[in-house]
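S.K.: The structure under discussion is supplied below as structure tokens; questions concerning it will follow.
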Number of protein chains: 2
Amino acid sequence: MRLVSVDIDGQERPGAVVAGPDGVDRVLDLSAITGSATLAQLLADDAALTAARAAVGRADSTVLPRLADVRLAPPVRPRTILCLGYNYEGHVEAGLSPETPPPYPNVFIKTANTIGGPRDLVVMPPAATDVDYEGEIAVVIGRVTRDVDEADAMAHVAGYTLFNDVSDRGWQNRASQWALGKSVDGFGPLGPWIVTTDEVPDLAGRLMEVERDGVVTVRASTDAMVYGVAFLVHYLSQIITLQPGDIISTGTPARSAQAQAVHVPLAHGETVTVRVTGLGELTTTFVRS
Amino acid sequence: MRLVSVDIDGQERPGAVVAGPDGVDRVLDLSAITGSATLAQLLADDAALTAARAAVGRADSTVLPRLADVRLAPPVRPRTILCLGYNYEGHVEAGLSPETPPPYPNVFIKTANTIGGPRDLVVMPPAATDVDYEGEIAVVIGRVTRDVDEADAMAHVAGYTLFNDVSDRGWQNRASQWALGKSVDGFGPLGPWIVTTDEVPDLAGRLMEVERDGVVTVRASTDAMVYGVAFLVHYLSQIITLQPGDIISTGTPARSAQAQAVHVPLAHGETVTVRVTGLGELTTTFVRS
């Protein structure tokens, strides 16, 4: 299933995307059918997921509102947002090669104020003068996860979504810790939907492309990921109890040589699209406040 | 006022500490008086604060329950926990001296799962083998704070409380980002109360002491703080909209030469006390799970 959060007059309700026979995506409201107030609650509830799946199977898409016409909220509002630095082979800043993988994942945190909906603008405040993007795949946690073995970890993953780990490089590099450069309000567009693990069980062999204003700056296979999903869930859960709706963003691949050669901060009106096979695409427009 | 959160059958309610004529601290329930469901809500509501102050003034402490007999929750449950690294002159790890202050604050994030009540045990999981403490003063935000000038910043501060920024040094030093070593479940005891800014308007000239198992390892004046409260609120609010109940922990002073000479991880049964003039003390017991 592709699951979304729909914002109806400020209230966020879980929904499923149903592709109509006309090829147009429409949205089925799942709140009454599943009794789940939020998508994170739905993800944590096996009976609700089963009910949702059955409802999607029998839905008459022609009577449903078009996905393009509803207001999409972030699919989840994570309490904890954990992100990987340098998790693709060839990420130039790390000086990594397949022969010398880092001994441990380099994990950083983004604060909850960063999360934005899939169609929200990213508003760059005056203090952020060196804004940059990173297209990533976010793992969405489906159940309370504490100290799980790697072999059992995937049962705790609800699905995957797309994430733009927006940074201000100026703030990021002011001190040893990147935290502030990563945590500007709205610097984490998420979505558009969560693809559940029954549809996409793992991330093997997927193509990620990132486009900036129509120019592809990243094209990489997820097979270049250094630390995989099951390991990361296991690793993190040794010390942090993950909650339904929490996300682990798996890092961005290296940019093309051309894009690496010049770094130009994002300017008012530019767009960035993150696209991954089977996971959809997330397009974000950046504006000055 | 000294404000607490009292846990009554799993529900957290705001309260005020009232010193009785017998010198015993007692607790006045403020939820009905102020209409505030939580202490964070109360802090954000000027009318509620005024009502609380009046109620404390007329309270008959003899009929109130003793503070020692109630279950204390963390005074607030911050959405965002921002912490300062190396914010006292002489902090040895930074190689700082008063002549060479760092150009910017070094800020890191702890995740929300770290917050513990003032009497909660810190349970060290098997994966955390190198656990260490840092006694700090936490600034508690009282209202929505976005892009405030330094001159206006103090109006957004509700008060101060004590914080033990517990770390696992092993996890902290596995990669460039400290995030995981700082974010172990429960590695952030907070409390016991918030002293409001009408009682403690600023942090000038306060003595901080930290004791480990009865041995004082830190004794420092808050005057050695590099970046002060008003500046920090201003600085952070340029990029992060702070919410009522969010905290900014102002960093730990350097340890005594003796304590610096040997680093021994905390063991089962050890206690750490953080004590600051006018802010009370926070004693935490560490145990193995």
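We label chains A, B, ... in the order they appear in the structure tokens, count residues from 1 in each chain, and number ligands from 1 in the order shown.
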Based on the backbone DSSP call, show me all residues of range 25-273 of chain B assigned helix (DSSP H, G or I), as a PyMOL selection string.
M.R.: chain B and resi 31-34+39-43+46-58+61-63+67-69+92-94+112-114+150-156+169-172+179-182+222-224+229-237+257-261
S.K.: Give me the residues within 7 Å of range 155-165 of chain B as a ChimeraX atom specification, counting only C-alpha atoms and dropping any in the same chain fewer than 6 places off.
M.R.: /B:43,133-143,145,187-191,193-197,279,282
S.K.: Determine, using only C-alpha atoms, which residues of chain A have any atom at most 7 Å from an atom of chain B, and tabulate each with its shortest atom pair and distance in Å to one decimal place, rows ordered by chain and then rising number, as a tab-separated table.
M.R.:
residue	atom	partner	partner_atom	distance
A:Thr80	CA	B:Thr111	CA	6.3
A:Tyr104	CA	B:Arg174	CA	6.2
A:Asn106	CA	B:Ala175	CA	5.2
A:Val107	CA	B:Gln177	CA	6.5
A:Phe108	CA	B:Ala179	CA	5.4
A:Ile109	CA	B:Ala179	CA	6.4
A:Thr111	CA	B:Thr80	CA	6.3
A:Pro125	CA	B:Ile239	CA	6.9
A:Ala127	CA	B:Gln238	CA	6.3
A:Arg174	CA	B:Tyr104	CA	6.2
A:Ala175	CA	B:Asn106	CA	5.2
A:Ser176	CA	B:Asn106	CA	6.8
A:Gln177	CA	B:Gln177	CA	6.0
A:Ala179	CA	B:Phe108	CA	5.4
A:Leu180	CA	B:Val107	CA	6.9
A:Ser183	CA	B:Ile240	CA	6.8
A:Val184	CA	B:Ile239	CA	4.8
A:Asp185	CA	B:Ile240	CA	5.4
A:Gln238	CA	B:Ala127	CA	6.3
A:Ile239	CA	B:Val184	CA	4.8
A:Ile240	CA	B:Val184	CA	5.4
A:Thr241	CA	B:Asp185	CA	6.7
S.K.: From the options B:Ala254, B:Leu121, B:Ala40, B:Leu3, which residue's atoms come nearest to Asn87 in chain B, counting only C-alpha atoms?
M.R.: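 Closest to Asn87 in chain B, using only C-alpha atoms: B:Ala254.
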S.K.: Tell me which protein, DNA and RNA residues are within 7 Å of Arg26 in chain A, counting only C-alpha atoms, leaving out same-chain ones fewer than 3 positions away, and put them as JSON, numbers by chain.
M.R.: {"A": [17, 18, 19, 20, 61, 64, 65, 66, 67]}
S.K.: Quick one: residues within 7 Å of range 48-56 of chain B, only C-alpha atoms, excluding same-chain residues fewer than 3 positions away - as a PyMOL selection string?
M.R.: chain B and resi 18+30+33-34+42-43+45+59
S.K.: Could you pull out the strand (DSSP E) residues of range 1-63 of chain A, going by DSSP on the backbone, and write them as a list in words?
M.R.: Arg2, Leu3, Val4, Ser5, Val6, Asp7, Ile8, Gln11, Glu12, Arg13, Pro14, Gly15, Ala16, Val17, Val18, Ala19, Asp25, Arg26, Val27, Leu28 and Asp29 of chain A
S.K.: Write out as a ChimeraX atom specification which residues come within 10 Å of Ala259 in chain B when counting only C-alpha atoms, dropping same-chain ones fewer than 3 positions away.
M.R.: /B:212,215-218,254-256,262-264
S.K.: So, with only C-alpha atoms as the atoms that count, which of B:Ala16, B:Gly35, B:Ile248, B:Thr285 lies closest to Ala47 in chain B?
M.R.: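 With only C-alpha atoms as the atom set, the closest residue is B:Gly35.
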S.K.: Please compute the CA of Val229 in chain B-CA of Gly117 in chain B distance, one decimal, in Å.
M.R.: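 Separation between CA of Val229 in chain B and CA of Gly117 in chain B: 23.6 Å.
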S.K.: If I take CA of Pro118 in chain B and CA of Gly10 in chain B, how far is one from the other in Å, to one decimal?
M.R.: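 CA of Gly10 in chain B lies 15.5 Å from CA of Pro118 in chain B.
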S.K.: Report, in Å to a single decimal, how far apart CA of Leu84 in chain B and CA of His234 in chain B are.
M.R.: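 So the answer is 14.4 Å.
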S.K.: Can you pull out every residue within 7 Å of Leu207 in chain B, counting only C-alpha atoms, but drop anything in the same chain fewer than 6 positions away, and send it as a ChimeraX atom specification?
M.R.: /B:220-222,276-277
